[in-house]
Amino acid sequence: MNNPHPDILAFITTLKMAGITTIILMIIGTPLAWYLAKMQSRAKVIIEALVALPLVLPPTVLGFYLLLLFSPQYLPGQIWQQATGQQLAFSFSAIVIGSVLYSLPFVVQPLQKAFEQLGDDLLEAAAMLGASAFDRFFTIVLPITKASFITAASLGFAHTVGEFGVVLMIGGNIPGETRVLSIALFDHVEAFDYAQAHIISISLIISSVVLLSLIYLLNRPAKTKQLKSKRLT
Amino acid sequence: MDELTLNFTVVHDKFSLSINEKLSLGGITGIFGHSGSGKSTLLKVIAGLEKHVQGNLAINNDELLNSEAKLFVSAQQRNIGLVFQNSRLFPHLSVEENLRYGQKRNKDCVLNFLEIIELTQLESLLDKAVTQLSGGEQQRVALARALLAEPKLLLLDEPLSALDDKNKIVLLALLEKVNKQLNLPMLYVSHSLPEIQQLADKLLVISSGEVSHHGDIHQVIHQLTTNNEILHQTSLSLPVNEHLPEFGLTSLALGEQQIFIACDHQPDKEQQVRCIIAASDISVTLHEPLKSSIVNHLYGTISTFDKIGSPDGRNVQMLLSVNCSGQNFFVTITTWSAKRLSLILGQEIFIQFKANAVRALR
């Protein structure tokens with residue numbers, strides 16, 4: 001494809017943004033959720049509130065402050081520019097960073113809940129059998145809370161695909177760089193191109209329903225699936 | 001014999017545990033205390049699961065904890081096994097995978113997997129999911145899993161408390177067998193003295209976060225009885241004299257005297273039989289009761305003589321200890337009987353009790 005359709009390009013940009021964001025979210029969100037689940041200090045509520053902030057805050061508020069921080073007038077933007085030679089605001093990296101912050105609660109909350117439910121009992125038992133912390137994470141925590149990891153990754157991904165405000169504020173509308181599907185949709189509506197808007201909207205609705213159904217399917221039958229396989233053996 | 005040195009303090013919100021003891025690690029040491037006394041915390045400290053500990057902990061010269069030198073050997077590096085009250089089996093693994101979890105992580109394994117499976121009678125359960133097991137089976141798997149990791153010391157934290165009586169008996173017998181066959185030292189925590197009496201050779205008593213007694217189990221039970229801390233009883237181990245299968249009795253040797261116990265199988269002649277006799281089951285007579293259905297009568301002298309009973313003065317009884325062939329027996333009688341028989345210290349008397357009053361433990 002030498003010249004893909006702008007909406008296809010937006011689709012690819014969206015997938016790239018959501019995919020990279022999800023990977024970063026899992027890497028950051030897992031230890032953060034673990035830390036919150038095990039934390040007993042009173043500062044816990046403050047960190048929890050900060051993580052949950054994007055749930056209640058208008059995305060444009062987050063986008064506004066990120067825009068300021070990412071601009072070359074402020075330190076984070078300056079550091080980025082010196083390190084990479086490129087401006088951070090209105091770049092693909094900017095929308096990924098914004099998305100990570102914006103979708104953080106969707107990853108941290110299910111993981112934190114799963115880690116809290118898991119408790120310490122099995123981990124203590126594993127430690128007494130000689131398993132190190134890393135070993136315990138991969139042989140006990142991960143297999144038992146697998147469904148929550150899938151939920152967290154899917155919600156993080158889906159929510160990133162659907163975001164609009166933050167991307168618009170800090171990414172603008174650069175094709176192939178920051179023009180994602182939700183922005184493309186907004187463009188079509190502004191231009192009264194409802195046919196194209198329908199195509200994007202309906203495909204987003206269908207893919208969201210499919211993705212969410214998969215999450216619920218994976219989460220629900222954990223028990224019934226086990227029972228069936230047991231009966232077979 | 002290995003020695004465990006404990007010298008530490010743990011302080012929680014409303015609770016502190018302070019222990020300064022040396023335990024010789026051989027056989028089974030019972031750790032007895034009421035709930036909240038700190039006995040489970042003691043096990044957690046030894047296991048390495050309690051992080052906020054001040055002091056020292058060592059097995060022989062291997063330090064496990066030295067808070068001054070900021071040394072803390074983590075639980076996974078201590079090579080100590082722990083069987084919990086709840087079995088804590090890994091739900092996503094099969095029975096066999098659970099059993100192999102610890103074994104895989106110990107490089108110096110010498111135990112044969114199948115031998116341990118046979119010992120713990122788990123052959124038929126290996127392929128099952130752990131959720132399909134009964135409570136007794138779960139604890140047996142938990143025990144075998146801990147054994148297969150080949151710890152140098154096995155801690156047991158009320159491992160029977162969630163089981164019914166039938167399963168308790170099965171697991172107690174198994175623990176005894178395991179202790180003998182594998183020669184693995186165990187620390188057994190329980191709030192049930194009869195359970196500990198069944199298994200332990202030594203007894204450590206914890207009360208309000210401190211060690212109140214520690215020593216040979218019979219001696220400690222003797223002290224606890226003297227201090228009115230437990231149901232008054234005589235606890236002793238005696239060698240087998242002879243077995244009388246036609247009467248279902250076995251006689252045990254007590255110096256030149258003997259004690260008959262009800263016993264339906266031929267006991268091991270080499271083994272000592274551990275017995276418990278409640279003080280309320282023993283009576284006193286001034287003359288040898290030759291014409292009595294009560295089979296046990298022992299000659300002895302009254303060595304102590306104390307009033308016991310409720311502080312309000314009601315239900316007052318006399319607690320005697322009577323020395324028969326070097327063994328002290330505790331006897332409770334009414335003050336009325338004591339007066340009627342004109343009992344005094346040093347008096348020579350007979351004590352008598354039925355064969356069925358003796359609870360033989362092994």
# chains A, B, ... in the order shown; residues from 1 in each chain; ligands from 1
$ select_by_dssp --residues "region 51-189 of chain A" --states "helix (DSSP H, G or I)" --output "mmCIF file with C-alpha atoms, in the first residue's frame"
data_model
loop_
_atom_site.group_PDB
_atom_site.id
_atom_site.type_symbol
_atom_site.label_atom_id
_atom_site.label_comp_id
_atom_site.auth_asym_id
_atom_site.auth_seq_id
_atom_site.Cartn_x
_atom_site.Cartn_y
_atom_site.Cartn_z
ATOM 1 C CA VAL A 51 -4.360 6.074 39.914
ATOM 2 C CA ALA A 52 -8.168 6.324 39.745
ATOM 3 C CA LEU A 53 -8.154 10.032 38.838
ATOM 4 C CA PRO A 54 -8.544 9.501 35.060
ATOM 5 C CA LEU A 55 -11.842 7.707 35.776
ATOM 6 C CA VAL A 56 -13.478 10.911 36.964
ATOM 7 C CA PRO A 59 -9.675 13.830 29.674
ATOM 8 C CA THR A 60 -9.137 17.349 28.461
ATOM 9 C CA VAL A 61 -7.892 18.408 31.907
ATOM 10 C CA LEU A 62 -5.244 15.691 31.835
ATOM 11 C CA GLY A 63 -4.508 16.528 28.201
ATOM 12 C CA PHE A 64 -4.140 20.238 28.985
ATOM 13 C CA TYR A 65 -1.535 19.733 31.702
ATOM 14 C CA LEU A 66 0.305 17.087 29.714
ATOM 15 C CA LEU A 67 0.425 19.476 26.776
ATOM 16 C CA LEU A 68 2.098 22.074 28.963
ATOM 17 C CA LEU A 69 4.551 19.556 30.410
ATOM 18 C CA PHE A 70 5.408 18.132 26.998
ATOM 19 C CA LEU A 75 11.449 20.612 31.955
ATOM 20 C CA PRO A 76 10.023 17.212 30.850
ATOM 21 C CA GLY A 77 9.565 18.511 27.308
ATOM 22 C CA GLN A 78 13.071 20.008 27.336
ATOM 23 C CA ILE A 79 14.672 16.790 28.554
ATOM 24 C CA TRP A 80 12.832 14.814 25.888
ATOM 25 C CA GLN A 81 13.902 17.216 23.174
ATOM 26 C CA GLN A 82 17.544 17.095 24.253
ATOM 27 C CA ALA A 83 17.518 13.311 24.433
ATOM 28 C CA THR A 84 15.726 12.600 21.165
ATOM 29 C CA PHE A 92 3.268 9.613 18.658
ATOM 30 C CA SER A 93 5.274 9.237 21.890
ATOM 31 C CA ALA A 94 3.157 11.958 23.497
ATOM 32 C CA ILE A 95 -0.115 10.162 22.814
ATOM 33 C CA VAL A 96 1.360 6.899 24.132
ATOM 34 C CA ILE A 97 2.453 8.578 27.385
ATOM 35 C CA GLY A 98 -0.947 10.265 27.683
ATOM 36 C CA SER A 99 -2.735 6.978 27.045
ATOM 37 C CA VAL A 100 -0.659 5.161 29.650
ATOM 38 C CA LEU A 101 -1.693 7.671 32.305
ATOM 39 C CA TYR A 102 -5.267 7.783 31.108
ATOM 40 C CA SER A 103 -5.772 3.992 30.993
ATOM 41 C CA LEU A 104 -3.751 3.194 34.115
ATOM 42 C CA PRO A 105 -6.760 2.529 36.411
ATOM 43 C CA PHE A 106 -8.211 0.028 33.937
ATOM 44 C CA VAL A 107 -5.093 -2.097 34.330
ATOM 45 C CA VAL A 108 -4.144 -1.458 37.946
ATOM 46 C CA GLN A 109 -7.576 -1.961 39.505
ATOM 47 C CA PRO A 110 -8.358 -5.506 38.284
ATOM 48 C CA LEU A 111 -4.803 -6.615 39.031
ATOM 49 C CA GLN A 112 -4.822 -5.076 42.489
ATOM 50 C CA LYS A 113 -8.120 -6.778 43.273
ATOM 51 C CA ALA A 114 -6.784 -10.135 42.055
ATOM 52 C CA PHE A 115 -3.594 -9.809 44.116
ATOM 53 C CA GLU A 116 -5.614 -8.858 47.201
ATOM 54 C CA GLN A 117 -7.864 -11.885 46.739
ATOM 55 C CA LEU A 118 -4.895 -14.163 46.226
ATOM 56 C CA ASP A 121 -1.175 -17.985 52.138
ATOM 57 C CA LEU A 122 -0.093 -19.697 48.927
ATOM 58 C CA LEU A 123 2.922 -17.438 48.544
ATOM 59 C CA GLU A 124 4.107 -18.290 52.038
ATOM 60 C CA ALA A 125 3.617 -21.978 51.278
ATOM 61 C CA ALA A 126 5.648 -21.616 48.068
ATOM 62 C CA ALA A 127 8.407 -19.744 49.897
ATOM 63 C CA MET A 128 8.602 -22.556 52.459
ATOM 64 C CA ALA A 133 9.976 -14.105 44.803
ATOM 65 C CA PHE A 134 10.326 -14.211 40.991
ATOM 66 C CA ASP A 135 9.662 -17.943 40.975
ATOM 67 C CA ARG A 136 6.542 -17.407 43.101
ATOM 68 C CA PHE A 137 5.283 -14.717 40.742
ATOM 69 C CA PHE A 138 5.599 -16.880 37.648
ATOM 70 C CA THR A 139 4.517 -20.221 39.121
ATOM 71 C CA ILE A 140 1.810 -19.148 41.576
ATOM 72 C CA VAL A 141 0.616 -15.566 41.056
ATOM 73 C CA LEU A 142 0.532 -15.474 37.270
ATOM 74 C CA PRO A 143 -1.264 -18.803 36.638
ATOM 75 C CA ILE A 144 -3.849 -18.202 39.357
ATOM 76 C CA LYS A 146 -4.276 -15.199 34.627
ATOM 77 C CA ALA A 147 -7.868 -14.160 33.956
ATOM 78 C CA SER A 148 -7.305 -10.822 35.690
ATOM 79 C CA PHE A 149 -4.203 -10.191 33.593
ATOM 80 C CA ILE A 150 -6.231 -10.831 30.439
ATOM 81 C CA THR A 151 -8.991 -8.556 31.713
ATOM 82 C CA ALA A 152 -6.511 -5.824 32.614
ATOM 83 C CA ALA A 153 -4.745 -5.969 29.251
ATOM 84 C CA SER A 154 -8.009 -6.040 27.294
ATOM 85 C CA LEU A 155 -9.566 -3.173 29.227
ATOM 86 C CA GLY A 156 -6.368 -1.148 28.924
ATOM 87 C CA PHE A 157 -6.261 -1.816 25.192
ATOM 88 C CA ALA A 158 -9.956 -1.142 24.562
ATOM 89 C CA HIS A 159 -9.979 2.003 26.629
ATOM 90 C CA THR A 160 -6.931 3.333 24.808
ATOM 91 C CA VAL A 161 -8.553 2.674 21.435
ATOM 92 C CA GLY A 165 -9.752 14.064 24.609
ATOM 93 C CA VAL A 166 -6.206 13.417 25.699
ATOM 94 C CA VAL A 167 -5.058 12.513 22.179
ATOM 95 C CA LEU A 168 -6.673 15.596 20.710
ATOM 96 C CA MET A 169 -5.041 17.872 23.283
ATOM 97 C CA ILE A 170 -1.513 16.494 23.121
ATOM 98 C CA GLY A 171 -1.384 14.817 19.738
ATOM 99 C CA LEU A 181 -9.742 6.504 14.764
ATOM 100 C CA SER A 182 -11.644 8.587 17.298
ATOM 101 C CA ILE A 183 -10.110 11.749 15.849
ATOM 102 C CA ALA A 184 -10.786 10.608 12.280
ATOM 103 C CA LEU A 185 -14.400 10.046 13.291
ATOM 104 C CA PHE A 186 -14.626 13.543 14.716
ATOM 105 C CA ASP A 187 -13.210 14.931 11.458
ATOM 106 C CA HIS A 188 -15.792 13.095 9.371
ATOM 107 C CA VAL A 189 -18.653 14.331 11.513
#
$ closest_atom_pairs --of "chain B" --to "chain A" --cutoff "10 Å" --atoms "only C-alpha atoms" --output "Markdown table"
| residue | atom | partner | partner_atom | distance |
| --- | --- | --- | --- | --- |
| B:Ala47 | CA | A:Met128 | CA | 7.4 |
| B:Gly48 | CA | A:Met128 | CA | 8.6 |
| B:Leu49 | CA | A:Glu124 | CA | 7.1 |
| B:Ser74 | CA | A:Ala127 | CA | 8.5 |
| B:Ala75 | CA | A:Met128 | CA | 5.8 |
| B:Gln76 | CA | A:Gly130 | CA | 4.0 |
| B:Gln77 | CA | A:Gly130 | CA | 6.3 |
| B:Arg78 | CA | A:Gly130 | CA | 8.1 |
| B:Asn79 | CA | A:Gly130 | CA | 7.1 |
| B:Ile80 | CA | A:Met128 | CA | 6.7 |
| B:Gly81 | CA | A:Met128 | CA | 5.8 |
| B:Leu82 | CA | A:Met128 | CA | 6.4 |
| B:Val83 | CA | A:Ala125 | CA | 8.3 |
| B:Phe84 | CA | A:Ala125 | CA | 8.2 |
| B:Asn86 | CA | A:Asp121 | CA | 9.0 |
| B:Ser87 | CA | A:Ala125 | CA | 9.0 |
| B:Arg88 | CA | A:Leu122 | CA | 5.7 |
| B:Leu89 | CA | A:Leu122 | CA | 7.2 |
| B:Phe90 | CA | A:Leu122 | CA | 6.7 |
| B:Pro91 | CA | A:Ile144 | CA | 7.9 |
| B:His92 | CA | A:Ile144 | CA | 6.5 |
| B:Leu93 | CA | A:Ile140 | CA | 9.3 |
| B:Asn98 | CA | A:Ala126 | CA | 9.9 |
| B:Arg100 | CA | A:Leu129 | CA | 9.8 |
| B:Tyr101 | CA | A:Leu129 | CA | 7.1 |
| B:Gly102 | CA | A:Leu129 | CA | 4.5 |
| B:Gln103 | CA | A:Leu129 | CA | 7.9 |
| B:Lys104 | CA | A:Gly130 | CA | 9.1 |
| B:Arg105 | CA | A:Gly130 | CA | 5.9 |
| B:Asn106 | CA | A:Gly130 | CA | 7.0 |
| B:Asp127 | CA | A:Thr233 | CA | 8.9 |
| B:Lys128 | CA | A:Lys230 | CA | 8.3 |
| B:Ala129 | CA | A:Lys230 | CA | 7.7 |
| B:Gln132 | CA | A:Lys230 | CA | 9.4 |
| B:Ala142 | CA | A:Ala125 | CA | 9.5 |
| B:Arg145 | CA | A:Leu129 | CA | 8.2 |
| B:Ala146 | CA | A:Leu129 | CA | 6.9 |
| B:Leu147 | CA | A:Leu129 | CA | 9.6 |
| B:Leu148 | CA | A:Leu129 | CA | 9.1 |
| B:Ala149 | CA | A:Leu129 | CA | 6.1 |
| B:Glu150 | CA | A:Leu129 | CA | 9.1 |
| B:Pro151 | CA | A:Leu129 | CA | 8.7 |
$ atom_distance --atom1 "CA of Val211 (chain B)" --atom2 "CA of Lys44 (chain B)"
16.0 Å
$ atom_distance --atom1 "CA of Asn56 (chain B)" --atom2 "CA of Ser190 (chain B)"
24.3 Å
$ residues_around --residues "Glu229 (chain B)" --least-positions-apart "6" --cutoff "12 Å" --atoms "only C-alpha atoms" --output "MDAnalysis selection string"
chainID B and resid 33:34 193 205 207 212:213 220:223 308
$ write_last_selection --atoms "N, CA and C atoms" --output "tab-separated table (two decimals), in the first residue's frame"
chain	number	residue	atom	x	y	z
B	33	GLY	N	0.22	-23.92	74.00
B	33	GLY	CA	-0.15	-22.63	74.54
B	33	GLY	C	-1.58	-22.35	74.15
B	34	HIS	N	-2.22	-21.46	74.89
B	34	HIS	CA	-3.60	-21.11	74.54
B	34	HIS	C	-3.58	-20.18	73.33
B	193	LEU	N	-3.46	-30.31	74.26
B	193	LEU	CA	-2.42	-31.06	74.95
B	193	LEU	C	-2.47	-32.55	74.61
B	205	VAL	N	6.14	-24.82	76.66
B	205	VAL	CA	4.85	-24.18	76.93
B	205	VAL	C	5.03	-22.67	76.82
B	207	SER	N	3.24	-18.95	77.26
B	207	SER	CA	2.11	-18.29	77.89
B	207	SER	C	2.37	-16.79	77.88
B	212	SER	N	7.03	-20.57	79.43
B	212	SER	CA	6.82	-20.81	80.86
B	212	SER	C	7.41	-22.14	81.30
B	213	HIS	N	7.46	-23.13	80.41
B	213	HIS	CA	8.07	-24.42	80.75
B	213	HIS	C	8.75	-24.96	79.50
B	220	VAL	N	7.31	-31.79	82.28
B	220	VAL	CA	6.56	-30.54	82.11
B	220	VAL	C	5.09	-30.74	82.48
B	221	ILE	N	4.53	-31.90	82.09
B	221	ILE	CA	3.13	-32.18	82.46
B	221	ILE	C	3.02	-32.26	83.99
B	222	HIS	N	4.03	-32.82	84.61
B	222	HIS	CA	4.07	-32.90	86.07
B	222	HIS	C	4.04	-31.49	86.69
B	223	GLN	N	4.88	-30.59	86.11
B	223	GLN	CA	4.91	-29.21	86.62
B	223	GLN	C	3.57	-28.51	86.38
B	308	ILE	N	-6.75	-27.92	96.64
B	308	ILE	CA	-7.01	-27.25	95.37
B	308	ILE	C	-8.51	-27.01	95.27
$ decode --residues "region 173-207 of chain A" --atoms "N, CA and C atoms" --output "PDB file, in the first residue's frame"
ATOM      1  N   ASN A 173      -3.603  16.249  15.217  1.00  0.00           N
ATOM      2  CA  ASN A 173      -4.257  15.461  14.177  1.00  0.00           C
ATOM      3  C   ASN A 173      -3.291  15.256  13.017  1.00  0.00           C
ATOM      4  N   ILE A 174      -2.162  14.574  13.301  1.00  0.00           N
ATOM      5  CA  ILE A 174      -1.143  14.385  12.262  1.00  0.00           C
ATOM      6  C   ILE A 174      -1.288  12.988  11.678  1.00  0.00           C
ATOM      7  N   PRO A 175      -1.663  12.876  10.389  1.00  0.00           N
ATOM      8  CA  PRO A 175      -1.876  11.552   9.810  1.00  0.00           C
ATOM      9  C   PRO A 175      -0.628  10.678   9.942  1.00  0.00           C
ATOM     10  N   GLY A 176      -0.840   9.418  10.322  1.00  0.00           N
ATOM     11  CA  GLY A 176       0.264   8.467  10.462  1.00  0.00           C
ATOM     12  C   GLY A 176       1.066   8.655  11.730  1.00  0.00           C
ATOM     13  N   GLU A 177       0.765   9.696  12.474  1.00  0.00           N
ATOM     14  CA  GLU A 177       1.531   9.966  13.689  1.00  0.00           C
ATOM     15  C   GLU A 177       0.594  10.020  14.896  1.00  0.00           C
ATOM     16  N   THR A 178      -0.385  10.917  14.841  1.00  0.00           N
ATOM     17  CA  THR A 178      -1.274  11.070  15.990  1.00  0.00           C
ATOM     18  C   THR A 178      -2.749  11.032  15.602  1.00  0.00           C
ATOM     19  N   ARG A 179      -3.032  10.818  14.326  1.00  0.00           N
ATOM     20  CA  ARG A 179      -4.442  10.800  13.920  1.00  0.00           C
ATOM     21  C   ARG A 179      -4.970   9.379  14.135  1.00  0.00           C
ATOM     22  N   VAL A 180      -5.719   9.213  15.219  1.00  0.00           N
ATOM     23  CA  VAL A 180      -6.265   7.894  15.531  1.00  0.00           C
ATOM     24  C   VAL A 180      -7.734   7.849  15.120  1.00  0.00           C
ATOM     25  N   LEU A 181      -8.378   6.688  15.266  1.00  0.00           N
ATOM     26  CA  LEU A 181      -9.742   6.504  14.764  1.00  0.00           C
ATOM     27  C   LEU A 181     -10.742   7.485  15.362  1.00  0.00           C
ATOM     28  N   SER A 182     -10.650   7.715  16.674  1.00  0.00           N
ATOM     29  CA  SER A 182     -11.644   8.587  17.298  1.00  0.00           C
ATOM     30  C   SER A 182     -11.534  10.005  16.754  1.00  0.00           C
ATOM     31  N   ILE A 183     -10.312  10.416  16.416  1.00  0.00           N
ATOM     32  CA  ILE A 183     -10.110  11.749  15.849  1.00  0.00           C
ATOM     33  C   ILE A 183     -10.616  11.781  14.405  1.00  0.00           C
ATOM     34  N   ALA A 184     -10.319  10.700  13.671  1.00  0.00           N
ATOM     35  CA  ALA A 184     -10.786  10.608  12.280  1.00  0.00           C
ATOM     36  C   ALA A 184     -12.308  10.696  12.236  1.00  0.00           C
ATOM     37  N   LEU A 185     -12.936  10.014  13.209  1.00  0.00           N
ATOM     38  CA  LEU A 185     -14.400  10.046  13.291  1.00  0.00           C
ATOM     39  C   LEU A 185     -14.896  11.471  13.505  1.00  0.00           C
ATOM     40  N   PHE A 186     -14.248  12.164  14.422  1.00  0.00           N
ATOM     41  CA  PHE A 186     -14.626  13.543  14.716  1.00  0.00           C
ATOM     42  C   PHE A 186     -14.504  14.412  13.463  1.00  0.00           C
ATOM     43  N   ASP A 187     -13.427  14.195  12.702  1.00  0.00           N
ATOM     44  CA  ASP A 187     -13.210  14.931  11.458  1.00  0.00           C
ATOM     45  C   ASP A 187     -14.352  14.710  10.474  1.00  0.00           C
ATOM     46  N   HIS A 188     -14.717  13.422  10.312  1.00  0.00           N
ATOM     47  CA  HIS A 188     -15.792  13.095   9.371  1.00  0.00           C
ATOM     48  C   HIS A 188     -17.099  13.748   9.767  1.00  0.00           C
ATOM     49  N   VAL A 189     -17.387  13.741  11.055  1.00  0.00           N
ATOM     50  CA  VAL A 189     -18.653  14.331  11.513  1.00  0.00           C
ATOM     51  C   VAL A 189     -18.629  15.834  11.259  1.00  0.00           C
ATOM     52  N   GLU A 190     -17.499  16.475  11.551  1.00  0.00           N
ATOM     53  CA  GLU A 190     -17.398  17.921  11.327  1.00  0.00           C
ATOM     54  C   GLU A 190     -17.580  18.267   9.864  1.00  0.00           C
ATOM     55  N   ALA A 191     -17.117  17.344   8.991  1.00  0.00           N
ATOM     56  CA  ALA A 191     -17.233  17.572   7.546  1.00  0.00           C
ATOM     57  C   ALA A 191     -18.555  17.027   6.998  1.00  0.00           C
ATOM     58  N   PHE A 192     -19.456  16.626   7.861  1.00  0.00           N
ATOM     59  CA  PHE A 192     -20.756  16.039   7.480  1.00  0.00           C
ATOM     60  C   PHE A 192     -20.613  14.810   6.599  1.00  0.00           C
ATOM     61  N   ASP A 193     -19.478  14.104   6.716  1.00  0.00           N
ATOM     62  CA  ASP A 193     -19.292  12.863   5.954  1.00  0.00           C
ATOM     63  C   ASP A 193     -19.792  11.711   6.812  1.00  0.00           C
ATOM     64  N   TYR A 194     -21.150  11.613   6.938  1.00  0.00           N
ATOM     65  CA  TYR A 194     -21.724  10.657   7.873  1.00  0.00           C
ATOM     66  C   TYR A 194     -21.482   9.212   7.456  1.00  0.00           C
ATOM     67  N   ALA A 195     -21.403   8.947   6.138  1.00  0.00           N
ATOM     68  CA  ALA A 195     -21.203   7.576   5.686  1.00  0.00           C
ATOM     69  C   ALA A 195     -19.896   7.020   6.263  1.00  0.00           C
ATOM     70  N   GLN A 196     -18.819   7.778   6.125  1.00  0.00           N
ATOM     71  CA  GLN A 196     -17.523   7.344   6.629  1.00  0.00           C
ATOM     72  C   GLN A 196     -17.535   7.265   8.160  1.00  0.00           C
ATOM     73  N   ALA A 197     -18.265   8.228   8.771  1.00  0.00           N
ATOM     74  CA  ALA A 197     -18.374   8.224  10.244  1.00  0.00           C
ATOM     75  C   ALA A 197     -19.052   6.957  10.720  1.00  0.00           C
ATOM     76  N   HIS A 198     -20.090   6.517   9.993  1.00  0.00           N
ATOM     77  CA  HIS A 198     -20.797   5.282  10.354  1.00  0.00           C
ATOM     78  C   HIS A 198     -19.860   4.101  10.292  1.00  0.00           C
ATOM     79  N   ILE A 199     -19.065   4.042   9.228  1.00  0.00           N
ATOM     80  CA  ILE A 199     -18.163   2.893   9.066  1.00  0.00           C
ATOM     81  C   ILE A 199     -17.234   2.786  10.280  1.00  0.00           C
ATOM     82  N   ILE A 200     -16.645   3.915  10.650  1.00  0.00           N
ATOM     83  CA  ILE A 200     -15.720   3.886  11.802  1.00  0.00           C
ATOM     84  C   ILE A 200     -16.477   3.535  13.077  1.00  0.00           C
ATOM     85  N   SER A 201     -17.618   4.216  13.278  1.00  0.00           N
ATOM     86  CA  SER A 201     -18.368   4.021  14.527  1.00  0.00           C
ATOM     87  C   SER A 201     -18.809   2.576  14.686  1.00  0.00           C
ATOM     88  N   ILE A 202     -19.416   2.058  13.618  1.00  0.00           N
ATOM     89  CA  ILE A 202     -19.952   0.699  13.728  1.00  0.00           C
ATOM     90  C   ILE A 202     -18.836  -0.310  13.911  1.00  0.00           C
ATOM     91  N   SER A 203     -17.707  -0.117  13.172  1.00  0.00           N
ATOM     92  CA  SER A 203     -16.628  -1.088  13.384  1.00  0.00           C
ATOM     93  C   SER A 203     -16.057  -0.984  14.795  1.00  0.00           C
ATOM     94  N   LEU A 204     -16.022   0.229  15.374  1.00  0.00           N
ATOM     95  CA  LEU A 204     -15.541   0.362  16.760  1.00  0.00           C
ATOM     96  C   LEU A 204     -16.500  -0.321  17.731  1.00  0.00           C
ATOM     97  N   ILE A 205     -17.817  -0.132  17.480  1.00  0.00           N
ATOM     98  CA  ILE A 205     -18.807  -0.762  18.370  1.00  0.00           C
ATOM     99  C   ILE A 205     -18.669  -2.277  18.305  1.00  0.00           C
ATOM    100  N   ILE A 206     -18.618  -2.810  17.077  1.00  0.00           N
ATOM    101  CA  ILE A 206     -18.556  -4.276  16.939  1.00  0.00           C
ATOM    102  C   ILE A 206     -17.281  -4.836  17.573  1.00  0.00           C
ATOM    103  N   SER A 207     -16.146  -4.201  17.272  1.00  0.00           N
ATOM    104  CA  SER A 207     -14.905  -4.758  17.826  1.00  0.00           C
ATOM    105  C   SER A 207     -14.887  -4.641  19.343  1.00  0.00           C
TER     106      SER A 207
END
